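**Q** First, the structure itself, so that you have it in front of you.
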Amino acid sequence: MSSPPPSPTHSSTSSEDDERDRFGKLLDIEPAALITLATKILRDVDPAVPVALSEVRLIDRCSGSFNLVHIFELDAEHKVVVRLPVSGRDGALSDVERRALASQVATMRYLRANTALPVPEVYAFDAGIENEIGAPYMAMEYVPGVSVSMVWFDDAEGRREEKRLRILKQLAELSAQMRELRFDSIGSLSGEETATPTIGECFNGIQPDDDDPDSFEVISYGPFTTAQSWLQHLRDAIPPSTRAPNAYDRATTKILDLLLPSLPFLHEERCFSLTMPDFGLQNVMVDEDGNVTALIDWDYAQTRPSYLAFARYPSWLTRDWDPLMYGWPHVPEREDSPEELGRYRKHYLAELKAALAGTPDADAYKLTERAHIFEAVYITLECPPNATAICQKFIKEATAVVKGQGIEGLDQDEIGVLLDLGDDELSEAAWEALQKGMKMLMGV
């Protein structure tokens, strides 16, 4: 659930036409059917409270990447959120989509039962279509507050820095709790009802058609017993280009060949941690003072290596390492500068170190020191269109590390270096200097 839109019929992320393309038949569900479902759920949640069908009303609707979200209210104390997964826009879910929804529910219920993390309670779910609305759904607890995306850049009260630091401190403390969610393989929680959770296949929602931004498919793969096999699968799964490789592609391949083996590969038992799939500011809810009220949107959650799990930074603090997505300095009202991001990473690192002190993972903060760099390598596999810009960032930072501006071939901009590398025209000395700088960035 993202922050509520200004009205029940206004999409927070797209125009009406775009929303129609994205959610299809889900938009045709009659409001009366949704209210009937919400009424049933509210009655089940608190049987002591009389709930009349005529008293329940829709107060908000918003859409995100994976869900169409409705918020219903009986009164100030009784609300329910009904999420309709985009995978149900054409009717019944596929077997993979059904398992993915069950895994998400299992994950949220496991977190509520075994941690103090502020995860909304799942009241009910149905992966089928034989129900009041004729569509798959998940009904869950309403969480007060707004997403961090609504407050991070808001300084109307002159309390922005105070709120920012409070948010980061509390998130560091919550991340330290997630360190206990350890498993021996990479995958998603099985949706089967068992006393002890088991790790099964990974799930992900992808856009299979590059020419259709609204195309959507849930895929599964794994599980994996090593980080190496997981990362190699992600790399092998990158769709082959329909065109011949160009200099950028060849240079990116060379850089990834260097960076991937430089990632930390942990070998102790149960070294993979359950984590939020997207540690973004839109998925952290806070109150008016910046206190964290919920961690939301657990679609396709899975276990990952520590540096991509509890030891990572919130993703809005690492945007400078994903240049294609980073809007600074063009939109300074919605982006922090590289210097500001570095300062907030330093603050978060100190808070996480303090939160981990005295635990068996007290030294895990050392992974966090470079977690933004490790995450950038991961993004090149998860989001291939971002890879070239990320490799340019590595060239820039590696050149600075080795002070290579005086080396022939490195005395040009990053694009020029990338082209020379891809065309095999970069001098041996320049390539050796770049490799040295990149390994230093990776802590090797």
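Labels for the structure tokens follow display order: chains A, B, ..., residues from 1 in each chain, ligands from 1.
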Run DSSP on the backbone and give me the residues of stretch 46-290 of chain A it puts in strand (DSSP E), as a PDB file with N, CA and C atoms, in the first residue's frame.
**A**
```pdb
ATOM      1  N   ARG A  57     -17.766   1.988   3.591  1.00  0.00           N
ATOM      2  CA  ARG A  57     -17.577   2.844   2.422  1.00  0.00           C
ATOM      3  C   ARG A  57     -16.122   2.813   1.955  1.00  0.00           C
ATOM      4  N   LEU A  58     -15.962   3.016   0.665  1.00  0.00           N
ATOM      5  CA  LEU A  58     -14.637   3.125   0.071  1.00  0.00           C
ATOM      6  C   LEU A  58     -14.134   4.544   0.297  1.00  0.00           C
ATOM      7  N   ILE A  59     -12.973   4.678   0.937  1.00  0.00           N
ATOM      8  CA  ILE A  59     -12.457   6.020   1.222  1.00  0.00           C
ATOM      9  C   ILE A  59     -11.240   6.381   0.375  1.00  0.00           C
ATOM     10  N   ASP A  60     -10.569   5.394  -0.198  1.00  0.00           N
ATOM     11  CA  ASP A  60      -9.411   5.689  -1.042  1.00  0.00           C
ATOM     12  C   ASP A  60      -9.144   4.536  -1.991  1.00  0.00           C
ATOM     13  N   ARG A  61      -8.563   4.893  -3.128  1.00  0.00           N
ATOM     14  CA  ARG A  61      -8.063   3.886  -4.048  1.00  0.00           C
ATOM     15  C   ARG A  61      -6.771   4.401  -4.647  1.00  0.00           C
ATOM     16  N   CYS A  62      -5.776   3.553  -4.723  1.00  0.00           N
ATOM     17  CA  CYS A  62      -4.514   3.958  -5.335  1.00  0.00           C
ATOM     18  C   CYS A  62      -3.917   2.769  -6.066  1.00  0.00           C
ATOM     19  N   SER A  63      -3.040   3.047  -6.995  1.00  0.00           N
ATOM     20  CA  SER A  63      -2.430   1.975  -7.774  1.00  0.00           C
ATOM     21  C   SER A  63      -0.924   2.074  -7.707  1.00  0.00           C
ATOM     22  N   ASN A  67      -0.125  -3.749  -7.654  1.00  0.00           N
ATOM     23  CA  ASN A  67      -1.424  -3.912  -7.006  1.00  0.00           C
ATOM     24  C   ASN A  67      -2.331  -2.707  -7.222  1.00  0.00           C
ATOM     25  N   LEU A  68      -3.624  -2.998  -7.286  1.00  0.00           N
ATOM     26  CA  LEU A  68      -4.663  -1.979  -7.223  1.00  0.00           C
ATOM     27  C   LEU A  68      -5.215  -2.047  -5.803  1.00  0.00           C
ATOM     28  N   VAL A  69      -5.119  -0.942  -5.086  1.00  0.00           N
ATOM     29  CA  VAL A  69      -5.376  -0.946  -3.646  1.00  0.00           C
ATOM     30  C   VAL A  69      -6.640  -0.160  -3.320  1.00  0.00           C
ATOM     31  N   HIS A  70      -7.525  -0.772  -2.519  1.00  0.00           N
ATOM     32  CA  HIS A  70      -8.748  -0.116  -2.050  1.00  0.00           C
ATOM     33  C   HIS A  70      -8.725  -0.070  -0.528  1.00  0.00           C
ATOM     34  N   ILE A  71      -9.128   1.062   0.033  1.00  0.00           N
ATOM     35  CA  ILE A  71      -9.199   1.213   1.486  1.00  0.00           C
ATOM     36  C   ILE A  71     -10.656   1.448   1.874  1.00  0.00           C
ATOM     37  N   PHE A  72     -11.171   0.592   2.753  1.00  0.00           N
ATOM     38  CA  PHE A  72     -12.559   0.674   3.194  1.00  0.00           C
ATOM     39  C   PHE A  72     -12.611   1.025   4.676  1.00  0.00           C
ATOM     40  N   GLU A  73     -13.695   1.713   5.053  1.00  0.00           N
ATOM     41  CA  GLU A  73     -13.827   2.164   6.442  1.00  0.00           C
ATOM     42  C   GLU A  73     -15.243   1.923   6.942  1.00  0.00           C
ATOM     43  N   LEU A  74     -15.324   1.385   8.161  1.00  0.00           N
ATOM     44  CA  LEU A  74     -16.586   1.341   8.895  1.00  0.00           C
ATOM     45  C   LEU A  74     -16.671   2.560   9.788  1.00  0.00           C
ATOM     46  N   ASP A  75     -15.605   2.767  10.554  1.00  0.00           N
ATOM     47  CA  ASP A  75     -15.458   3.964  11.370  1.00  0.00           C
ATOM     48  C   ASP A  75     -13.964   4.186  11.565  1.00  0.00           C
ATOM     49  N   HIS A  78     -12.092   1.018  12.521  1.00  0.00           N
ATOM     50  CA  HIS A  78     -12.249  -0.217  11.754  1.00  0.00           C
ATOM     51  C   HIS A  78     -12.103   0.070  10.258  1.00  0.00           C
ATOM     52  N   LYS A  79     -10.929  -0.274   9.739  1.00  0.00           N
ATOM     53  CA  LYS A  79     -10.630  -0.098   8.323  1.00  0.00           C
ATOM     54  C   LYS A  79      -9.972  -1.372   7.802  1.00  0.00           C
ATOM     55  N   VAL A  80     -10.032  -1.554   6.504  1.00  0.00           N
ATOM     56  CA  VAL A  80      -9.390  -2.711   5.889  1.00  0.00           C
ATOM     57  C   VAL A  80      -8.865  -2.296   4.513  1.00  0.00           C
ATOM     58  N   VAL A  81      -7.733  -2.859   4.151  1.00  0.00           N
ATOM     59  CA  VAL A  81      -7.123  -2.617   2.844  1.00  0.00           C
ATOM     60  C   VAL A  81      -7.292  -3.878   1.999  1.00  0.00           C
ATOM     61  N   VAL A  82      -7.826  -3.715   0.805  1.00  0.00           N
ATOM     62  CA  VAL A  82      -7.984  -4.837  -0.123  1.00  0.00           C
ATOM     63  C   VAL A  82      -7.094  -4.572  -1.335  1.00  0.00           C
ATOM     64  N   ARG A  83      -6.116  -5.460  -1.531  1.00  0.00           N
ATOM     65  CA  ARG A  83      -5.158  -5.323  -2.633  1.00  0.00           C
ATOM     66  C   ARG A  83      -5.487  -6.348  -3.713  1.00  0.00           C
ATOM     67  N   LEU A  84      -5.600  -5.873  -4.936  1.00  0.00           N
ATOM     68  CA  LEU A  84      -5.854  -6.748  -6.077  1.00  0.00           C
ATOM     69  C   LEU A  84      -4.571  -6.835  -6.898  1.00  0.00           C
ATOM     70  N   PRO A  85      -3.929  -8.003  -6.978  1.00  0.00           N
ATOM     71  CA  PRO A  85      -2.670  -8.107  -7.715  1.00  0.00           C
ATOM     72  C   PRO A  85      -2.869  -7.921  -9.210  1.00  0.00           C
ATOM     73  N   VAL A 122      -2.190  -9.742   7.723  1.00  0.00           N
ATOM     74  CA  VAL A 122      -3.009 -10.231   6.615  1.00  0.00           C
ATOM     75  C   VAL A 122      -4.254 -10.880   7.202  1.00  0.00           C
ATOM     76  N   TYR A 123      -5.417 -10.321   6.893  1.00  0.00           N
ATOM     77  CA  TYR A 123      -6.670 -10.864   7.415  1.00  0.00           C
ATOM     78  C   TYR A 123      -7.141 -12.078   6.614  1.00  0.00           C
ATOM     79  N   ALA A 124      -7.024 -11.972   5.301  1.00  0.00           N
ATOM     80  CA  ALA A 124      -7.519 -13.044   4.434  1.00  0.00           C
ATOM     81  C   ALA A 124      -6.918 -12.869   3.050  1.00  0.00           C
ATOM     82  N   PHE A 125      -6.911 -13.956   2.293  1.00  0.00           N
ATOM     83  CA  PHE A 125      -6.516 -13.855   0.888  1.00  0.00           C
ATOM     84  C   PHE A 125      -7.171 -14.979   0.117  1.00  0.00           C
ATOM     85  N   ASP A 126      -7.285 -14.783  -1.175  1.00  0.00           N
ATOM     86  CA  ASP A 126      -7.869 -15.794  -2.049  1.00  0.00           C
ATOM     87  C   ASP A 126      -7.164 -15.686  -3.396  1.00  0.00           C
ATOM     88  N   TYR A 137      -7.348 -11.646  -4.384  1.00  0.00           N
ATOM     89  CA  TYR A 137      -7.173 -10.477  -3.523  1.00  0.00           C
ATOM     90  C   TYR A 137      -6.387 -10.851  -2.273  1.00  0.00           C
ATOM     91  N   MET A 138      -5.908  -9.816  -1.602  1.00  0.00           N
ATOM     92  CA  MET A 138      -5.355  -9.945  -0.260  1.00  0.00           C
ATOM     93  C   MET A 138      -5.964  -8.831   0.581  1.00  0.00           C
ATOM     94  N   ALA A 139      -6.520  -9.185   1.728  1.00  0.00           N
ATOM     95  CA  ALA A 139      -7.097  -8.201   2.643  1.00  0.00           C
ATOM     96  C   ALA A 139      -6.187  -8.078   3.848  1.00  0.00           C
ATOM     97  N   MET A 140      -5.879  -6.850   4.225  1.00  0.00           N
ATOM     98  CA  MET A 140      -4.903  -6.655   5.277  1.00  0.00           C
ATOM     99  C   MET A 140      -5.229  -5.447   6.139  1.00  0.00           C
ATOM    100  N   GLU A 141      -4.509  -5.364   7.218  1.00  0.00           N
ATOM    101  CA  GLU A 141      -4.654  -4.292   8.192  1.00  0.00           C
ATOM    102  C   GLU A 141      -4.361  -2.927   7.566  1.00  0.00           C
ATOM    103  N   VAL A 146       1.851   8.061   6.350  1.00  0.00           N
ATOM    104  CA  VAL A 146       2.122   8.292   4.934  1.00  0.00           C
ATOM    105  C   VAL A 146       3.477   7.678   4.608  1.00  0.00           C
ATOM    106  N   SER A 147       3.747   7.496   3.334  1.00  0.00           N
ATOM    107  CA  SER A 147       5.035   6.927   2.953  1.00  0.00           C
ATOM    108  C   SER A 147       6.132   7.978   3.120  1.00  0.00           C
ATOM    109  N   ARG A 182      17.447 -15.856   9.223  1.00  0.00           N
ATOM    110  CA  ARG A 182      18.487 -16.532   8.452  1.00  0.00           C
ATOM    111  C   ARG A 182      18.011 -17.863   7.880  1.00  0.00           C
ATOM    112  N   PHE A 183      18.474 -18.142   6.673  1.00  0.00           N
ATOM    113  CA  PHE A 183      18.148 -19.400   6.007  1.00  0.00           C
ATOM    114  C   PHE A 183      19.376 -19.901   5.261  1.00  0.00           C
ATOM    115  N   SER A 188      12.220 -17.815  -1.896  1.00  0.00           N
ATOM    116  CA  SER A 188      11.080 -17.232  -1.197  1.00  0.00           C
ATOM    117  C   SER A 188      10.487 -18.256  -0.237  1.00  0.00           C
ATOM    118  N   LEU A 189       9.798 -17.762   0.789  1.00  0.00           N
ATOM    119  CA  LEU A 189       9.148 -18.676   1.721  1.00  0.00           C
ATOM    120  C   LEU A 189       8.055 -19.456   0.997  1.00  0.00           C
ATOM    121  N   ILE A 199      12.313 -22.687   2.473  1.00  0.00           N
ATOM    122  CA  ILE A 199      12.627 -21.847   1.327  1.00  0.00           C
ATOM    123  C   ILE A 199      12.369 -22.621   0.044  1.00  0.00           C
ATOM    124  N   GLY A 200      11.599 -22.014  -0.831  1.00  0.00           N
ATOM    125  CA  GLY A 200      11.318 -22.611  -2.131  1.00  0.00           C
ATOM    126  C   GLY A 200      11.820 -21.720  -3.246  1.00  0.00           C
ATOM    127  N   CYS A 202      12.272 -18.742  -6.047  1.00  0.00           N
ATOM    128  CA  CYS A 202      12.198 -17.280  -6.054  1.00  0.00           C
ATOM    129  C   CYS A 202      11.069 -16.863  -6.995  1.00  0.00           C
ATOM    130  N   PHE A 203      10.450 -15.730  -6.688  1.00  0.00           N
ATOM    131  CA  PHE A 203       9.430 -15.169  -7.575  1.00  0.00           C
ATOM    132  C   PHE A 203       9.831 -13.754  -7.967  1.00  0.00           C
ATOM    133  N   ASN A 204       9.378 -13.346  -9.147  1.00  0.00           N
ATOM    134  CA  ASN A 204       9.618 -11.971  -9.565  1.00  0.00           C
ATOM    135  C   ASN A 204       8.572 -11.581 -10.592  1.00  0.00           C
ATOM    136  N   GLY A 205       8.204 -10.306 -10.586  1.00  0.00           N
ATOM    137  CA  GLY A 205       7.300  -9.771 -11.590  1.00  0.00           C
ATOM    138  C   GLY A 205       8.101  -9.035 -12.640  1.00  0.00           C
ATOM    139  N   ILE A 206       7.939  -9.410 -13.905  1.00  0.00           N
ATOM    140  CA  ILE A 206       8.759  -8.828 -14.961  1.00  0.00           C
ATOM    141  C   ILE A 206       7.891  -8.259 -16.077  1.00  0.00           C
ATOM    142  N   GLU A 217       4.363 -10.381 -16.170  1.00  0.00           N
ATOM    143  CA  GLU A 217       4.402 -11.828 -15.987  1.00  0.00           C
ATOM    144  C   GLU A 217       5.126 -12.142 -14.683  1.00  0.00           C
ATOM    145  N   VAL A 218       4.603 -13.096 -13.937  1.00  0.00           N
ATOM    146  CA  VAL A 218       5.281 -13.582 -12.737  1.00  0.00           C
ATOM    147  C   VAL A 218       6.074 -14.824 -13.118  1.00  0.00           C
ATOM    148  N   ILE A 219       7.363 -14.815 -12.794  1.00  0.00           N
ATOM    149  CA  ILE A 219       8.222 -15.953 -13.103  1.00  0.00           C
ATOM    150  C   ILE A 219       8.772 -16.551 -11.810  1.00  0.00           C
ATOM    151  N   SER A 220       9.264 -17.768 -11.906  1.00  0.00           N
ATOM    152  CA  SER A 220       9.891 -18.408 -10.753  1.00  0.00           C
ATOM    153  C   SER A 220      11.186 -19.072 -11.194  1.00  0.00           C
ATOM    154  N   TYR A 221      12.117 -19.198 -10.259  1.00  0.00           N
ATOM    155  CA  TYR A 221      13.401 -19.840 -10.535  1.00  0.00           C
ATOM    156  C   TYR A 221      14.047 -20.180  -9.197  1.00  0.00           C
ATOM    157  N   PHE A 272      21.955 -16.458   4.454  1.00  0.00           N
ATOM    158  CA  PHE A 272      21.042 -15.678   3.634  1.00  0.00           C
ATOM    159  C   PHE A 272      19.883 -15.184   4.500  1.00  0.00           C
ATOM    160  N   SER A 273      19.528 -13.920   4.322  1.00  0.00           N
ATOM    161  CA  SER A 273      18.545 -13.276   5.196  1.00  0.00           C
ATOM    162  C   SER A 273      17.308 -12.860   4.416  1.00  0.00           C
ATOM    163  N   LEU A 274      16.151 -13.050   5.034  1.00  0.00           N
ATOM    164  CA  LEU A 274      14.901 -12.574   4.455  1.00  0.00           C
ATOM    165  C   LEU A 274      14.880 -11.058   4.520  1.00  0.00           C
ATOM    166  N   THR A 275      14.436 -10.416   3.454  1.00  0.00           N
ATOM    167  CA  THR A 275      14.486  -8.960   3.409  1.00  0.00           C
ATOM    168  C   THR A 275      13.349  -8.405   2.569  1.00  0.00           C
ATOM    169  N   VAL A 284       7.983   2.505   3.086  1.00  0.00           N
ATOM    170  CA  VAL A 284       8.143   2.731   4.524  1.00  0.00           C
ATOM    171  C   VAL A 284       7.116   3.772   4.939  1.00  0.00           C
ATOM    172  N   MET A 285       6.241   3.408   5.877  1.00  0.00           N
ATOM    173  CA  MET A 285       5.207   4.318   6.350  1.00  0.00           C
ATOM    174  C   MET A 285       5.647   4.963   7.658  1.00  0.00           C
ATOM    175  N   VAL A 286       5.345   6.262   7.800  1.00  0.00           N
ATOM    176  CA  VAL A 286       5.727   6.997   9.007  1.00  0.00           C
ATOM    177  C   VAL A 286       4.575   7.879   9.462  1.00  0.00           C
TER     178      VAL A 286
END
```
**Q** Do a neighbour search on stretch 424-436 of chain A at 6 Å with only C-alpha atoms, toss out local chain neighbours closer than 4 positions, and write the hits as a list of chain:residue names.
**A**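 What passes the distance filter is A:Ala398, A:Gly409, A:Asp420.
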**Q** Those same residues - C-alpha atoms - I'd like them written as a compact mmCIF listing (two decimals), in the first residue's frame.
**A**
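Output saved as part-v9.txt:
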```txt
# COMPACT_ATOMS: atom_id res chain seq x y z
CA ALA A 398 37.74 3.83 -9.98
CA GLY A 409 43.39 6.70 -21.88
CA ASP A 420 37.78 2.46 -25.84
```
**Q** For a test of reading the model, state the distance in Å between atom CA of A:Arg159 and atom CA of A:Asp289, rounded to one decimal.
**A**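 Computing it gives 8.8 Å between the two atoms.
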**Q** Would you give me, as JSON lines, each residue of stretch 317-436 of chain A having an atom within 6 Å of an atom of stretch 240-260 of chain A, along with its shortest atom pair and that distance in Å to one decimal, using only C-alpha atoms and sorting by chain and residue number?
**A**
```
{"residue": "A:Leu418", "atom": "CA", "partner": "A:Ala251", "partner_atom": "CA", "distance": 5.9}
{"residue": "A:Leu419", "atom": "CA", "partner": "A:Ala247", "partner_atom": "CA", "distance": 5.5}
{"residue": "A:Leu421", "atom": "CA", "partner": "A:Ala251", "partner_atom": "CA", "distance": 5.4}
{"residue": "A:Gly422", "atom": "CA", "partner": "A:Ala251", "partner_atom": "CA", "distance": 4.1}
{"residue": "A:Asp423", "atom": "CA", "partner": "A:Ala247", "partner_atom": "CA", "distance": 5.6}
```
**Q** Leaving out A:Leu168 and any residue of its chain fewer than 4 positions from it, which residues lie within 7 Å of it when counting only C-alpha atoms, given as a PDB file with N, CA and C atoms, in the first residue's frame?
**A**
```
ATOM      1  N   ARG A 164      14.208  13.158   9.116  1.00  0.00           N
ATOM      2  CA  ARG A 164      15.062  12.270   8.325  1.00  0.00           C
ATOM      3  C   ARG A 164      15.949  11.413   9.228  1.00  0.00           C
ATOM      4  N   ALA A 172      17.440   1.571  10.793  1.00  0.00           N
ATOM      5  CA  ALA A 172      18.648   0.816  11.143  1.00  0.00           C
ATOM      6  C   ALA A 172      18.338  -0.187  12.248  1.00  0.00           C
ATOM      7  N   TYR A 348      23.477   6.519   8.664  1.00  0.00           N
ATOM      8  CA  TYR A 348      22.797   5.221   8.754  1.00  0.00           C
ATOM      9  C   TYR A 348      23.772   4.136   9.180  1.00  0.00           C
TER      10      TYR A 348
END
```
**Q** For stretch 292-301 of chain A, please output as a PyMOL selection string all residues within 9 Å (counting only C-alpha atoms; exclusion window: fewer than 2 positions along the same chain).
**A** chain A and resi 1-2+66+100-101+103-105+107-108+117-120+143-146+148+166-167+170-171+187-189+202-205+274-279+282-287+290+303
**Q** Go through A:Lys403, A:Ser337, A:Met325, A:Tyr313 one by one, measure the shortest atom-to-atom distance of each to A:Phe374 using only C-alpha atoms, and give the residue with the smallest value.
**A** A:Tyr313
**Q** For the structure I just gave you, how does DSSP split stretch 344-434 of chain A - specifically, which residues are alpha helix (DSSP H)? Reply as a VMD selection string.
**A** chain A and resid 344 to 356 365 to 368 371 to 382 387 to 401 414 to 422 428 to 434
**Q** If you keep C-alpha atoms, can you produce a file of those selected residues as a compact mmCIF listing (two decimals), in the first residue's frame?
**A**
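Written output follows (selection34.txt):
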```txt
# COMPACT_ATOMS: atom_id res chain seq x y z
CA TYR A 344 23.12 10.13 5.21
CA ARG A 345 24.82 6.84 4.41
CA LYS A 346 27.44 7.67 7.03
CA HIS A 347 24.70 8.42 9.57
CA TYR A 348 22.80 5.22 8.75
CA LEU A 349 25.99 3.18 8.99
CA ALA A 350 26.68 4.55 12.48
CA GLU A 351 23.12 3.77 13.60
CA LEU A 352 23.25 0.24 12.19
CA LYS A 353 26.63 -0.38 13.82
CA ALA A 354 25.15 0.69 17.16
CA ALA A 355 22.07 -1.49 16.66
CA LEU A 356 24.20 -4.53 15.82
CA TYR A 365 28.31 -3.13 9.42
CA LYS A 366 31.60 -3.62 7.56
CA LEU A 367 29.54 -5.02 4.69
CA THR A 368 27.30 -1.96 4.87
CA ALA A 371 26.71 -2.13 0.37
CA HIS A 372 25.73 0.67 -2.04
CA ILE A 373 28.52 -0.47 -4.36
CA PHE A 374 27.55 -4.14 -4.07
CA GLU A 375 23.93 -3.19 -4.76
CA ALA A 376 24.97 -1.37 -7.93
CA VAL A 377 26.54 -4.58 -9.22
CA TYR A 378 23.31 -6.46 -8.41
CA ILE A 379 21.23 -3.84 -10.26
CA THR A 380 23.21 -4.45 -13.45
CA LEU A 381 21.81 -8.00 -13.40
CA GLU A 382 18.32 -7.21 -12.13
CA ALA A 387 24.05 -1.52 -16.57
CA THR A 388 25.92 0.77 -18.96
CA ALA A 389 25.33 3.88 -16.84
CA ILE A 390 26.37 1.99 -13.70
CA CYS A 391 29.58 0.87 -15.43
CA GLN A 392 30.29 4.50 -16.29
CA LYS A 393 29.90 5.29 -12.60
CA PHE A 394 32.40 2.55 -11.73
CA ILE A 395 34.87 3.98 -14.25
CA LYS A 396 34.50 7.45 -12.76
CA GLU A 397 34.95 6.29 -9.17
CA ALA A 398 37.74 3.83 -9.98
CA THR A 399 39.66 6.52 -11.85
CA ALA A 400 39.35 8.81 -8.85
CA VAL A 401 40.51 6.07 -6.48
CA GLU A 414 33.71 7.94 -18.73
CA ILE A 415 31.89 7.39 -22.03
CA GLY A 416 35.14 7.69 -23.93
CA VAL A 417 36.83 5.21 -21.60
CA LEU A 418 33.89 2.82 -21.96
CA LEU A 419 34.02 3.01 -25.75
CA ASP A 420 37.78 2.46 -25.84
CA LEU A 421 37.41 -0.51 -23.50
CA GLY A 422 34.69 -2.03 -25.66
CA GLU A 428 46.98 -1.98 -21.04
CA ALA A 429 48.18 0.47 -18.37
CA ALA A 430 44.79 2.22 -18.29
CA TRP A 431 42.87 -1.08 -18.05
CA GLU A 432 45.15 -2.31 -15.27
CA ALA A 433 44.62 0.95 -13.39
CA LEU A 434 40.85 0.66 -13.81
```
**Q** Enter the distance from atom CA of A:Asp154 to atom CA of A:Glu121, in Å, rounded to one decimal.
**A** 29.2 Å
**Q** Restricting the calculation to only C-alpha atoms, which member of A:Asp361, A:Leu324, A:Gly64, A:Gly406 is positioned closest to A:Asn386?
**A**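 Of A:Asp361, A:Leu324, A:Gly64, A:Gly406, the one nearest A:Asn386, counting only C-alpha atoms, is A:Leu324.
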**Q** So how far away is atom CA of A:Leu27 from atom CA of A:Arg43, in Å?
**A**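 One can read the atom CA of A:Arg43 to atom CA of A:Leu27 distance as 25.0 Å.
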